[in-house]
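Participant: Dropping in structure_34.txt, which is compact mmCIF, C-alpha atoms and all ligand atoms:
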```txt
# COMPACT_ATOMS: atom_id res chain seq x y z
CA MET A 27 -21.96 -41.90 123.06
CA CYS A 28 -24.34 -38.97 123.22
CA ALA A 29 -27.59 -39.97 121.52
CA ALA A 30 -27.71 -36.68 119.65
CA PHE A 31 -24.19 -37.07 118.32
CA SER A 32 -24.05 -37.50 114.59
CA PRO A 33 -20.96 -39.09 113.02
CA GLN A 34 -22.01 -37.65 109.65
CA ALA A 35 -22.15 -34.20 111.15
CA GLN A 36 -18.79 -34.79 112.80
CA ALA A 37 -17.36 -35.66 109.41
CA ALA A 38 -18.99 -32.61 107.86
CA SER A 39 -17.60 -30.33 110.50
CA GLU A 40 -14.15 -31.54 109.68
CA MET A 41 -14.45 -30.87 106.01
CA ASP A 42 -14.34 -27.58 104.31
CA LEU A 43 -16.86 -26.35 101.81
CA PRO A 44 -15.63 -27.29 98.35
CA GLU A 45 -15.03 -24.94 95.48
CA VAL A 46 -17.64 -22.25 95.15
CA GLU A 47 -19.43 -23.78 92.17
CA ASP A 48 -20.04 -27.03 94.06
CA ASN A 49 -21.31 -25.45 97.25
CA ALA A 50 -25.02 -25.78 96.52
CA GLU A 51 -24.72 -29.47 95.76
CA PHE A 52 -22.49 -30.08 98.75
CA LEU A 53 -24.94 -28.40 101.09
CA GLU A 54 -27.84 -30.38 99.66
CA GLN A 55 -25.99 -33.63 100.23
CA LEU A 56 -24.99 -32.68 103.73
CA MET A 57 -28.56 -31.72 104.56
CA ALA A 58 -29.88 -35.01 103.19
CA VAL A 59 -27.37 -37.08 105.16
CA THR A 60 -28.02 -35.07 108.32
CA SER A 61 -31.76 -35.46 107.92
CA ARG A 62 -31.50 -39.24 107.59
CA SER A 63 -29.40 -39.55 110.71
CA LEU A 64 -31.19 -36.98 112.88
CA PRO A 65 -31.99 -38.69 116.19
CA GLN A 66 -35.33 -38.27 117.91
CA LEU A 67 -35.13 -37.63 121.63
CA GLU A 68 -36.57 -35.72 124.52
CA LEU A 69 -34.51 -32.68 125.42
CA GLN A 70 -34.88 -33.21 129.17
CA ASP A 71 -33.63 -36.81 128.98
CA GLN A 72 -30.29 -35.70 127.67
CA TYR A 73 -29.75 -32.21 129.04
CA THR A 74 -30.26 -30.15 132.15
CA ILE A 75 -31.43 -26.72 131.10
CA ILE A 76 -29.66 -24.05 133.10
CA LYS A 77 -31.06 -20.84 131.64
CA GLU A 78 -32.06 -19.07 128.46
CA LEU A 79 -29.14 -17.32 126.79
CA GLY A 80 -31.21 -15.43 124.31
CA SER A 81 -33.98 -15.59 121.80
CA GLY A 82 -34.35 -14.18 118.36
CA THR A 83 -36.77 -14.27 115.50
CA TYR A 84 -36.39 -17.95 114.85
CA GLY A 85 -35.38 -19.70 118.01
CA ASN A 86 -34.45 -19.85 121.64
CA VAL A 87 -30.91 -20.48 122.73
CA LEU A 88 -30.48 -22.28 126.02
CA LEU A 89 -27.51 -22.89 128.23
CA ALA A 90 -27.63 -26.63 128.80
CA GLU A 91 -25.50 -29.26 130.44
CA HIS A 92 -25.21 -32.79 129.18
CA ARG A 93 -26.57 -35.03 131.95
CA GLU A 94 -23.87 -37.68 131.68
CA ARG A 95 -20.85 -35.75 130.53
CA GLY A 96 -21.51 -32.52 132.37
CA THR A 97 -20.40 -30.38 129.45
CA ALA A 98 -22.02 -26.99 129.06
CA LEU A 99 -23.15 -25.91 125.63
CA ALA A 100 -25.55 -23.58 123.88
CA LEU A 101 -28.57 -25.36 122.42
CA LYS A 102 -30.50 -23.58 119.71
CA LEU A 103 -34.10 -24.75 119.75
CA MET A 104 -36.42 -24.08 116.87
CA PRO A 105 -40.12 -24.86 117.32
CA LYS A 106 -41.37 -27.25 114.67
CA GLU A 107 -44.61 -25.37 114.27
CA ARG A 108 -42.66 -22.36 112.96
CA THR A 109 -39.65 -24.04 111.39
CA GLU A 110 -39.51 -26.04 108.20
CA ARG A 111 -37.33 -29.10 108.55
CA ARG A 112 -35.33 -27.96 105.58
CA ALA A 113 -34.71 -24.53 107.09
CA PHE A 114 -33.38 -26.15 110.26
CA LEU A 115 -31.15 -28.51 108.30
CA ARG A 116 -29.77 -25.69 106.17
CA GLU A 117 -28.95 -23.48 109.16
CA TYR A 118 -27.29 -26.33 111.00
CA CYS A 119 -25.28 -27.52 108.01
CA ILE A 120 -24.08 -24.03 107.09
CA ALA A 121 -23.10 -23.45 110.71
CA LEU A 122 -21.17 -26.73 110.69
CA CYS A 123 -19.33 -25.85 107.50
CA LEU A 124 -18.33 -22.42 108.78
CA SER A 125 -17.09 -23.82 112.08
CA ALA A 126 -13.72 -24.38 110.45
CA HIS A 127 -13.01 -20.65 110.79
CA ALA A 128 -12.26 -18.97 114.12
CA GLY A 129 -14.58 -16.08 113.26
CA PHE A 130 -17.70 -18.25 113.58
CA LEU A 131 -19.36 -19.94 116.51
CA ASN A 132 -18.16 -23.49 116.69
CA THR A 133 -21.11 -25.73 115.91
CA LEU A 134 -20.92 -29.14 117.52
CA PRO A 135 -21.82 -32.40 115.78
CA ILE A 136 -24.91 -32.61 117.96
CA ALA A 137 -28.34 -32.19 116.45
CA PHE A 138 -31.68 -33.82 117.17
CA GLU A 139 -35.40 -33.43 117.02
CA SER A 140 -37.89 -33.75 119.85
CA PRO A 141 -41.63 -34.05 119.25
CA THR A 142 -41.89 -30.26 119.34
CA HIS A 143 -38.48 -28.85 118.39
CA PHE A 144 -35.45 -29.12 116.20
CA ALA A 145 -32.21 -28.48 118.05
CA PHE A 146 -28.49 -28.19 117.50
CA ALA A 147 -25.57 -27.39 119.77
CA GLN A 148 -22.90 -24.70 119.63
CA GLU A 149 -20.08 -23.66 121.86
CA LEU A 150 -21.09 -21.26 124.59
CA ALA A 151 -20.18 -17.59 124.14
CA PRO A 152 -19.81 -16.64 127.80
CA ALA A 153 -20.02 -12.86 127.39
CA GLY A 154 -23.28 -12.71 125.43
CA ASP A 155 -23.68 -10.62 122.32
CA LEU A 156 -22.68 -7.13 121.14
CA CYS A 157 -26.13 -5.73 121.68
CA ALA A 158 -25.81 -5.72 125.43
CA ILE A 159 -22.55 -3.80 125.57
CA VAL A 160 -23.43 -1.20 122.95
CA GLN A 161 -26.79 -0.18 124.34
CA ASP A 162 -25.23 2.27 126.75
CA GLY A 163 -23.28 4.12 124.09
CA GLY A 164 -20.34 3.76 121.79
CA LEU A 165 -17.37 1.55 122.61
CA PRO A 166 -13.76 2.67 122.88
CA GLU A 167 -12.10 2.83 119.47
CA ALA A 168 -9.65 0.02 120.20
CA GLN A 169 -12.52 -2.28 121.08
CA VAL A 170 -14.44 -1.36 117.94
CA LYS A 171 -11.37 -2.07 115.86
CA ARG A 172 -10.96 -5.49 117.43
CA CYS A 173 -14.51 -6.31 116.41
CA ALA A 174 -13.98 -4.83 112.95
CA ALA A 175 -10.84 -6.87 112.34
CA GLN A 176 -12.38 -10.18 113.37
CA LEU A 177 -15.71 -9.68 111.66
CA ALA A 178 -14.07 -8.53 108.44
CA GLU A 179 -12.06 -11.75 108.39
CA ALA A 180 -15.12 -13.86 109.10
CA LEU A 181 -17.05 -12.16 106.31
CA ASP A 182 -14.12 -12.49 103.96
CA PHE A 183 -14.10 -16.23 104.65
CA MET A 184 -17.79 -16.82 104.17
CA HIS A 185 -17.98 -14.54 101.13
CA GLY A 186 -15.11 -16.53 99.66
CA LYS A 187 -17.42 -19.54 99.93
CA ALA A 188 -20.17 -17.61 98.15
CA LEU A 189 -22.28 -17.48 101.30
CA VAL A 190 -24.17 -14.31 102.22
CA HIS A 191 -25.02 -14.05 105.92
CA ARG A 192 -27.95 -11.63 105.44
CA ASP A 193 -28.38 -10.91 109.13
CA ILE A 194 -25.27 -9.09 110.25
CA LYS A 195 -26.28 -7.18 113.36
CA LEU A 196 -25.23 -6.57 116.94
CA ASP A 197 -27.16 -9.46 118.41
CA ASN A 198 -25.65 -11.96 116.02
CA VAL A 199 -22.10 -11.17 117.10
CA LEU A 200 -21.22 -13.31 120.11
CA LEU A 201 -18.59 -12.39 122.66
CA PHE A 202 -16.09 -14.50 124.53
CA ASP A 203 -14.97 -11.58 126.68
CA ARG A 204 -16.40 -8.13 127.25
CA GLU A 205 -13.35 -6.41 125.78
CA CYS A 206 -14.09 -8.07 122.42
CA ARG A 207 -10.73 -9.77 122.13
CA ARG A 208 -12.57 -12.79 120.74
CA VAL A 209 -15.84 -12.27 118.95
CA LYS A 210 -17.63 -14.63 116.60
CA LEU A 211 -20.42 -14.44 114.11
CA GLY A 212 -23.45 -16.65 114.67
CA ASP A 213 -27.02 -17.17 113.46
CA PHE A 214 -27.08 -18.53 109.95
CA GLY A 215 -30.84 -18.72 109.75
CA LEU A 216 -31.02 -16.34 106.79
CA THR A 217 -27.74 -17.35 105.17
CA ARG A 218 -28.01 -18.31 101.52
CA LEU A 219 -25.72 -18.80 98.58
CA GLU A 220 -24.79 -15.82 96.47
CA GLY A 221 -27.14 -15.41 93.53
CA THR A 222 -30.20 -16.70 95.40
CA PRO A 223 -33.19 -14.49 94.64
CA VAL A 224 -34.60 -12.82 97.76
CA CYS A 225 -37.87 -11.00 98.20
CA ALA A 226 -38.37 -7.41 99.24
CA MET A 227 -37.05 -6.67 102.70
CA SER A 228 -35.75 -9.47 104.75
CA GLY A 229 -33.31 -8.80 107.51
CA THR A 230 -33.31 -6.04 110.07
CA LEU A 231 -34.29 -2.64 108.82
CA PRO A 232 -31.58 -0.19 109.93
CA TYR A 233 -28.95 -2.58 108.58
CA ALA A 234 -30.61 -3.15 105.21
CA PRO A 235 -28.91 -1.62 102.16
CA PRO A 236 -30.78 0.77 99.88
CA GLU A 237 -31.07 -1.73 97.05
CA LEU A 238 -33.06 -3.96 99.39
CA CYS A 239 -35.07 -1.18 101.01
CA LEU A 240 -36.19 0.05 97.64
CA LEU A 241 -37.11 -3.32 96.23
CA GLU A 242 -40.78 -3.61 95.46
CA ALA A 243 -42.66 -6.87 95.87
CA PRO A 244 -42.86 -9.09 93.87
CA GLU A 245 -39.43 -8.05 92.58
CA THR A 246 -36.51 -10.08 93.79
CA LEU A 247 -32.86 -9.27 94.23
CA GLU A 248 -30.02 -11.65 93.51
CA LEU A 249 -28.13 -12.03 96.73
CA ASP A 250 -24.72 -10.51 96.77
CA THR A 251 -22.03 -10.32 99.41
CA SER A 252 -22.20 -6.51 99.21
CA LEU A 253 -25.41 -6.74 101.24
CA ASP A 254 -23.40 -7.99 104.24
CA VAL A 255 -20.78 -5.30 103.72
CA TRP A 256 -23.43 -2.59 104.10
CA ALA A 257 -24.75 -4.15 107.30
CA PHE A 258 -21.19 -4.56 108.59
CA ALA A 259 -20.55 -0.84 108.10
CA VAL A 260 -23.81 0.09 109.85
CA LEU A 261 -22.76 -2.18 112.71
CA LEU A 262 -19.38 -0.40 112.94
CA PHE A 263 -21.15 2.95 113.06
CA CYS A 264 -23.31 1.62 115.91
CA LEU A 265 -20.28 0.36 117.79
CA CYS A 266 -18.57 3.75 117.52
CA THR A 267 -21.56 5.92 118.37
CA GLY A 268 -24.28 3.91 120.09
CA CYS A 269 -26.67 5.09 117.40
CA PHE A 270 -27.85 3.84 114.06
CA PRO A 271 -27.00 6.20 111.20
CA TRP A 272 -30.64 6.09 110.03
CA ASP A 273 -33.86 4.23 110.54
CA VAL A 274 -34.07 3.07 107.00
CA ALA A 275 -31.82 3.50 103.97
CA ALA A 276 -34.50 5.19 101.88
CA SER A 277 -34.62 8.78 100.80
CA ALA A 278 -37.58 9.70 103.00
CA ASP A 279 -35.25 9.26 105.95
CA LEU A 280 -33.53 12.62 106.21
CA ARG A 281 -30.36 11.17 107.70
CA PHE A 282 -30.05 8.74 104.85
CA GLU A 283 -30.89 11.41 102.33
CA GLU A 284 -28.06 13.60 103.65
CA PHE A 285 -25.71 10.67 103.59
CA GLY A 286 -26.73 9.85 100.02
CA ALA A 287 -26.08 13.43 98.91
CA TRP A 288 -22.64 13.26 100.56
CA GLN A 289 -21.90 9.98 98.83
CA ASN A 290 -22.88 11.42 95.47
CA SER A 291 -20.92 14.62 95.97
CA THR A 292 -17.50 15.13 94.52
CA VAL A 293 -14.60 16.40 96.61
CA GLY A 294 -15.63 19.13 99.04
CA GLY A 295 -19.14 17.93 99.73
CA GLN A 296 -20.45 18.80 103.17
CA THR A 297 -20.00 15.94 105.62
CA PRO A 298 -23.33 15.21 107.32
CA ALA A 299 -23.31 15.85 111.07
CA PRO A 300 -23.31 12.25 112.33
CA TRP A 301 -20.23 11.44 110.28
CA ARG A 302 -18.13 14.40 111.49
CA VAL A 303 -17.03 12.56 114.61
CA PHE A 304 -14.97 10.35 112.32
CA SER A 305 -11.50 11.14 111.01
CA ALA A 306 -11.08 11.71 107.28
CA ALA A 307 -9.65 8.20 106.93
CA ALA A 308 -12.57 6.61 108.75
CA GLN A 309 -15.01 8.65 106.68
CA GLU A 310 -13.31 7.30 103.59
CA MET A 311 -13.66 3.75 104.91
CA PHE A 312 -17.35 4.20 105.65
CA ARG A 313 -17.95 5.74 102.24
CA ARG A 314 -16.33 2.73 100.59
CA LEU A 315 -18.19 0.16 102.65
CA LEU A 316 -21.45 2.07 102.26
CA ALA A 317 -21.21 2.75 98.53
CA LEU A 318 -24.77 3.26 97.31
CA ASP A 319 -24.06 1.18 94.24
CA PRO A 320 -23.58 -2.40 95.49
CA ASN A 321 -21.25 -3.07 92.58
CA ARG A 322 -18.88 -0.39 93.86
CA ARG A 323 -19.00 -1.36 97.51
CA SER A 324 -15.63 -2.48 98.88
CA PRO A 325 -15.29 -5.95 100.36
CA ALA A 326 -15.51 -6.13 104.15
CA ILE A 327 -11.81 -6.93 104.44
CA GLU A 328 -11.13 -3.36 103.27
CA ALA A 329 -11.67 -2.37 106.91
CA HIS A 330 -8.31 -3.96 107.69
CA LYS A 331 -6.55 -1.21 105.74
CA TYR A 332 -7.89 1.35 108.21
CA LEU A 333 -7.03 -0.36 111.46
CA SER A 334 -3.80 1.55 111.97
CA VAL A 335 -5.32 5.02 111.61
CA ALA A 336 -7.50 6.90 114.09
CA TRP A 337 -11.22 6.55 113.45
CA LEU A 338 -12.64 9.10 115.84
CA VAL A 339 -11.58 12.73 115.83
CA SER A 340 -9.50 13.75 118.79
CA GLY A 341 -11.17 14.76 121.99
CA ARG A 342 -13.31 11.72 122.44
CA GLY A 343 -12.38 10.63 125.92
CA GLU A 344 -13.56 8.30 128.60
CA GLN A 345 -16.49 10.55 129.35
CA ASP A 346 -17.94 9.69 125.98
CA ARG A 347 -17.14 6.11 126.53
CA ASP A 348 -19.24 6.16 129.68
CA THR A 349 -22.10 8.16 128.38
CA GLY A 350 -22.17 7.06 124.81
CA LEU A 351 -21.83 10.03 122.58
CA GLY A 352 -22.74 12.71 125.02
CA SER A 353 -22.44 16.36 124.40
CA GLN A 354 -18.80 16.53 125.41
CA GLY A 355 -15.61 16.10 123.59
CA HIS A 356 -16.29 15.95 119.89
CA GLY A 357 -14.19 18.92 119.05
CA GLN A 358 -15.79 21.91 117.39
CA GLU A 359 -18.79 19.99 116.17
CA GLN A 360 -20.17 19.06 119.54
CA LEU A 361 -23.71 19.84 120.55
CA GLN A 362 -24.81 20.96 117.15
CA SER A 363 -23.64 18.15 115.04
CA GLY A 364 -22.06 15.17 116.76
CA PRO A 365 -24.18 12.06 117.02
CA GLY A 366 -24.56 12.88 120.70
CA ALA A 367 -26.57 15.90 119.69
CA VAL A 368 -28.78 14.00 117.33
CA CYS A 369 -28.82 10.60 118.96
CA ASP A 370 -32.31 10.21 120.29
CA LYS A 371 -31.36 8.73 123.61
CA ALA A 372 -34.47 9.72 125.47
CA SER A 373 -36.88 8.33 122.98
CA PRO A 374 -38.53 5.12 124.03
CA THR A 375 -39.62 4.64 120.43
CA LYS A 376 -38.59 1.37 118.98
CA SER A 377 -37.04 0.84 115.62
CA SER A 378 -39.15 1.68 112.67
CA GLY A 379 -41.08 -1.27 111.57
CA LEU A 380 -40.78 -2.17 107.98
CA ALA A 381 -44.32 -1.33 107.09
CA GLY A 382 -44.30 1.96 108.95
CA SER A 383 -40.97 3.05 107.59
CA LEU A 384 -41.62 2.30 104.03
CA GLU A 385 -45.11 3.65 104.09
CA GLY A 386 -43.55 6.81 105.46
CA ALA A 387 -40.89 6.70 102.81
CA GLN A 388 -43.35 6.31 100.02
CA ALA A 389 -45.74 8.88 101.37
CA GLY A 390 -42.90 11.35 101.58
CA THR A 391 -41.40 10.92 98.20
CA GLY A 392 -43.68 8.90 96.06
CA ARG A 393 -41.83 6.42 93.95
CA LEU A 394 -38.25 6.38 95.02
CA GLN A 395 -35.43 6.96 92.63
CA SER A 396 -32.41 4.82 93.23
CA LYS A 397 -29.02 6.45 93.39
CA LEU A 398 -27.91 3.99 90.77
CA GLY A 399 -30.01 5.74 88.22
CA LYS A 400 -32.57 3.00 87.83
CA GLU A 401 -35.94 3.28 89.37
CA VAL A 402 -36.61 0.68 91.96
CA GLY A 403 -39.57 -0.05 94.08
CA GLY A 404 -40.50 0.31 97.70
CA GLY A 405 -40.49 -2.42 100.27
CA GLU A 406 -42.99 -5.04 101.04
CA VAL A 407 -45.77 -3.71 103.19
CA GLY A 408 -47.31 -6.06 105.66
CA ALA A 409 -44.10 -7.55 106.89
CA GLU A 410 -44.01 -8.23 110.58
CA GLY A 411 -42.27 -5.42 112.33
CA VAL A 412 -42.15 -3.22 115.37
CA GLU A 413 -44.01 -0.04 116.02
CA GLY A 414 -43.06 3.40 114.77
CA GLY A 415 -42.41 5.13 111.51
CA THR A 416 -39.53 6.95 109.94
CA ARG A 417 -38.60 9.85 112.13
CA ARG A 418 -37.65 12.80 109.99
CA SER A 419 -37.36 15.30 112.78
CA ARG A 420 -37.66 15.98 116.47
CA GLY A 421 -40.16 18.69 117.26
CA GLY A 422 -39.97 19.86 113.67
CA GLY A 423 -36.28 20.64 114.09
CA GLU A 424 -33.09 18.66 113.77
CA PRO A 425 -33.68 15.02 112.92
CA VAL A 426 -32.56 12.46 115.44
CA LEU A 427 -30.57 9.33 115.08
CA PRO A 428 -32.13 6.21 116.48
CA THR A 429 -30.08 4.94 119.40
CA VAL A 430 -29.08 1.34 119.52
CA ALA A 431 -30.91 1.20 122.84
CA SER A 432 -34.11 2.36 121.17
CA ILE A 433 -33.96 -0.49 118.73
CA SER A 434 -35.12 -3.74 120.13
CA CYS A 435 -31.94 -5.68 119.51
CA HIS A 436 -33.55 -9.02 119.29
CA THR A 437 -36.39 -7.98 117.09
CA SER A 438 -35.94 -8.56 113.46
CA VAL A 439 -38.27 -7.06 110.94
CA SER A 440 -37.82 -9.82 108.48
CA THR A 441 -40.78 -11.04 106.60
CA ALA A 442 -41.79 -14.63 106.81
CA PRO A 443 -38.76 -16.74 105.98
CA ILE A 444 -37.98 -16.79 102.29
CA PRO A 445 -39.85 -19.74 100.83
CA ILE A 446 -37.68 -22.78 100.50
CA SER A 447 -38.56 -22.93 96.84
CA SER A 448 -36.61 -19.75 96.23
CA CYS A 449 -33.43 -21.13 97.73
N1 LIG B 501 -23.52 -19.83 121.45
C1 LIG B 501 -24.14 -18.88 122.15
N2 LIG B 501 -23.68 -18.51 123.37
C2 LIG B 501 -24.30 -17.52 124.08
N3 LIG B 501 -25.41 -16.88 123.66
C3 LIG B 501 -25.91 -17.20 122.46
C4 LIG B 501 -25.31 -18.21 121.65
N4 LIG B 501 -26.03 -18.31 120.50
C5 LIG B 501 -27.01 -17.41 120.60
N5 LIG B 501 -26.96 -16.74 121.77
C6 LIG B 501 -27.90 -15.69 122.20
O1 LIG B 501 -29.19 -16.02 121.70
C7 LIG B 501 -29.66 -15.00 120.81
C8 LIG B 501 -30.49 -15.64 119.71
O2 LIG B 501 -29.67 -16.57 118.99
P1 LIG B 501 -29.72 -16.64 117.40
O3 LIG B 501 -28.92 -17.81 116.96
O4 LIG B 501 -29.30 -15.32 116.85
O5 LIG B 501 -31.26 -16.91 117.16
P2 LIG B 501 -32.29 -16.27 116.12
O6 LIG B 501 -32.08 -17.00 114.83
O7 LIG B 501 -33.61 -16.57 116.70
O8 LIG B 501 -31.98 -14.81 116.00
C9 LIG B 501 -28.40 -14.28 120.35
O9 LIG B 501 -28.69 -12.96 119.95
C10 LIG B 501 -27.54 -14.34 121.60
O10 LIG B 501 -27.91 -13.34 122.52
MG MG B 502 -30.18 -13.81 115.77
```
Once more with this new file: its structure as structure tokens, please.
Ligand SMILES: Nc1ncnc2c1ncn2[C@@H]1O[C@H](COP(=O)(O)OP(=O)(O)O)[C@@H](O)[C@H]1O
Ligand SMILES: [Mg+2]

Facilitator:
Amino acid sequence: MCAAFSPQAQAASEMDLPEVEDNAEFLEQLMAVTSRSLPQLELQDQYTIIKELGSGTYGNVLLAEHRERGTALALKLMPKERTERRAFLREYCIALCLSAHAGFLNTLPIAFESPTHFAFAQELAPAGDLCAIVQDGGLPEAQVKRCAAQLAEALDFMHGKALVHRDIKLDNVLLFDRECRRVKLGDFGLTRLEGTPVCAMSGTLPYAPPELCLLEAPETLELDTSLDVWAFAVLLFCLCTGCFPWDVAASADLRFEEFGAWQNSTVGGQTPAPWRVFSAAAQEMFRRLLALDPNRRSPAIEAHKYLSVAWLVSGRGEQDRDTGLGSQGHGQEQLQSGPGAVCDKASPTKSSGLAGSLEGAQAGTGRLQSKLGKEVGGGEVGAEGVEGGTRRSRGGGEPVLPTVASISCHTSVSTAPIPISSC
């Protein structure tokens, strides 16, 4: 038997999370059992490392082959110097529990620690992640819808278990084929139970909802599944256009400000330029998934209701598919107002870092007023992030949308992991 194989983990992977109210206790028990039975071994003794599949904020994922059995798998390695044992156990155990659903990476009952790393094994996603295929521009509508359908189901499942993913983004969606016929959600490093208090700004900035962007340290927010719904909608926008709708969901970001005004408007409000490439039905879907008030945000599964209607306005052909949202084919709105016209494809600027963006936001507007009518604070300054600030305009003119390519896909702007004590 493989030395890293854990019968307890095998048993756990075959059981489903219990009723929502017992989830916290169940996870604690599973973590405790896993911790007691975690084997110690040297990675190289057991596995041949073939290549690195990817790396993120918290770990490296390697394509490895078991020396005796020859099976290929993805090994997620987390350096001990940066990873609390408890954080590793939680991620692994949540991943195991979610393996029951086809919308999540299948986590194998293989986990171990070496002198320097914690590690666990998952099935290999042979086509990589969504980041790679979106960087060159938007995907064909049918492909986007396949992703939407599968991810909505995955979110529906985990939200039904009171789990909030907290890191829905392109690089955490793994592909089994490049046409997205089978996609799965991975990376449960930030996943917590609903109701857990979280600090200001954790997660990746363009995907963060306004209620999180406007949170002011030391305030905390009780985690809610609506946070994932917002990120899911931003991800869908990215898939359709190759751009993010904004750098940061705060009012100093002109694109977000325009979107917020549209959301608050009654019938007849002017649709902001980036959203005019979408049909009326798709606009309605986005407005529901991106409700400014988290209490009014639709569940992710709402996207299923819109799968049978067209999302993009007619005229978007293969040329767009090849070039992203270029200047052709968006009907009357092209050049002036389609995302192609505002998508900042040439800019090498990376995503706004948290500190830069929120400093910009606060400098621009002072204390920010939430659209919910209550005043909420700014984000936590000093979080680790990437260069740049909120871009309000290009050359003093029309503001630009950050392209997916301009955002370092594998860079998260999360703060230090939420202290264990808060979980
Ligand atoms: N099972 C897998 N198969 C193929 N590639 C993977 C797999 N798991 C992760 N990756 C790649 O590794 C990257 C980092 O993995 P992830 O679990 O998201 O780590 P982190 O917590 O550090 O973000 C992913 O974005 C993806 O590109
Ligand atoms: Mg990741």

Participant: Taking a cut-off of 7 Å and counting only C-alpha atoms and all ligand atoms, can you build a table that, for each residue of chain A near ligand MG 502 (chain B), reports the nearest atom pair and how far apart they are in Å (one decimal), sorted by chain then residue number, as a tab-separated table?

Facilitator:
```
residue	atom	partner	partner_atom	distance
A:Gly82	CA	B:MG502	MG	4.9
A:Thr83	CA	B:MG502	MG	6.6
A:Asp197	CA	B:MG502	MG	5.9
A:Asn198	CA	B:MG502	MG	4.9
A:Asp213	CA	B:MG502	MG	5.2
A:His436	CA	B:MG502	MG	6.8
```

Participant: Would you mind exporting C-alpha atoms of the selected residues as a PDB file, keeping the file's coordinate frame?

Facilitator:
```pdb
ATOM      1  CA  GLY A  82     -34.350 -14.180 118.360  1.00  0.00           C
ATOM      2  CA  THR A  83     -36.770 -14.270 115.500  1.00  0.00           C
ATOM      3  CA  ASP A 197     -27.160  -9.460 118.410  1.00  0.00           C
ATOM      4  CA  ASN A 198     -25.650 -11.960 116.020  1.00  0.00           C
ATOM      5  CA  ASP A 213     -27.020 -17.170 113.460  1.00  0.00           C
ATOM      6  CA  HIS A 436     -33.550  -9.020 119.290  1.00  0.00           C
TER       7      HIS A 436
END
```

Participant: Using Å and a single decimal, report how far CA of Val160 in chain A sits from CA of Gly268 in chain A.

Facilitator: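 Separation between CA of Gly268 in chain A and CA of Val160 in chain A: 5.9 Å.
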
Participant: Can I get the residues close to ligand LIG 501 (chain B) as a VMD selection string, where close means within 10 Å and we count only C-alpha atoms and all ligand atoms?

Facilitator: chain A and resid 78 to 89 99 to 104 117 130 to 133 147 to 158 193 to 202 210 to 216 435 to 438

Participant: What is the CA of Glu179 in chain A to CA of Arg208 in chain A distance in Å?

Facilitator: 12.4 Å

Participant: Rounded to one decimal place, report the CA of Gly221 in chain A-CA of Asn49 in chain A distance in Å.

Facilitator: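 Result for CA of Gly221 in chain A versus CA of Asn49 in chain A: 12.2 Å, one decimal.
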
Participant: Using all atoms listed in the file, which residue out of A:Arg93, A:Thr109, A:Arg204, A:Ala308 lies closest to Lys331 in chain A?

Facilitator: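 Between A:Arg93, A:Thr109, A:Arg204, A:Ala308, the residue approaching Lys331 in chain A most closely is A:Ala308.
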
Participant: Skip Ala317 in chain A itself and residues of its chain fewer than 3 positions away, then list as a list in words all residues within 10 Å of it, counting all atoms listed in the file.

Facilitator: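 So the residues in contact are Pro235, Pro236, Ser252, Val255, Trp256, Gly286, Gln289, Asn290, Met311, Phe312, Arg313, Arg314, Pro320, Asn321, Arg322, Arg323 and Ser324 of chain A.
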
Participant: Take the point (-26.5, -24.3, 104.9) as written in the file and pick out every residue within 10 Å of it, counting all atoms listed in the file; give the list as a list in words.

Facilitator: Asn49, Ala50, Phe52, Leu53, Glu54, Leu56, Met57, Arg112, Ala113, Phe114, Leu115, Arg116, Glu117, Tyr118, Cys119, Ile120, Ala121, Leu122, Cys123, Leu124, Leu189, Phe214, Gly215, Leu216, Thr217, Arg218 and Leu219 of chain A

Participant: Identify, on the basis of only C-alpha atoms, every residue whose closest approach to Ala307 in chain A does not exceed 8 Å; exclude the query and any residue fewer than 2 positions from it along the same chain; express the result as a list in words.

Facilitator: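 Result of the neighbour search: Phe304, Ser305, Gln309, Glu310, Met311, Tyr332, Val335, Ala336 and Trp337 of chain A.
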
Participant: Could you give me, as a PyMOL selection string, the residues within 8 Å of Ala226 in chain A, counting all atoms listed in the file and dropping anything in the same chain fewer than 4 positions from it?

Facilitator: chain A and resi 238-247+405-406

Participant: For Val339 in chain A, which of A:Pro232, A:Asp279, A:Gln169, A:Cys266 is the closest residue, counting all atoms listed in the file?

Facilitator: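 Residue with the minimum atom-to-atom distance to Val339 in chain A: A:Cys266.
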
Participant: Using all atoms listed in the file, which residue out of A:Glu167, A:Asp182, A:Arg192, A:Pro428 lies closest to Ser340 in chain A?

Facilitator: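 Of the candidates, the smallest distance to Ser340 in chain A is held by A:Glu167.
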
Participant: Would you kindly place N, CA and C atoms on range 239-243 of chain A and return the model as a CSV table (one decimal), keeping the file's coordinate frame?

Facilitator:
```csv
chain,number,residue,atom,x,y,z
A,239,CYS,N,-34.0,-2.0,100.5
A,239,CYS,CA,-35.1,-1.2,101.0
A,239,CYS,C,-36.0,-0.7,99.9
A,240,LEU,N,-35.4,-0.5,98.7
A,240,LEU,CA,-36.2,0.0,97.6
A,240,LEU,C,-36.8,-1.0,96.7
A,241,LEU,N,-36.6,-2.2,97.1
A,241,LEU,CA,-37.1,-3.3,96.2
A,241,LEU,C,-38.6,-3.4,96.4
A,242,GLU,N,-39.3,-3.6,95.4
A,242,GLU,CA,-40.8,-3.6,95.5
A,242,GLU,C,-41.3,-5.0,95.2
A,243,ALA,N,-42.1,-5.5,96.1
A,243,ALA,CA,-42.7,-6.9,95.9
A,243,ALA,C,-43.5,-6.8,94.6
```
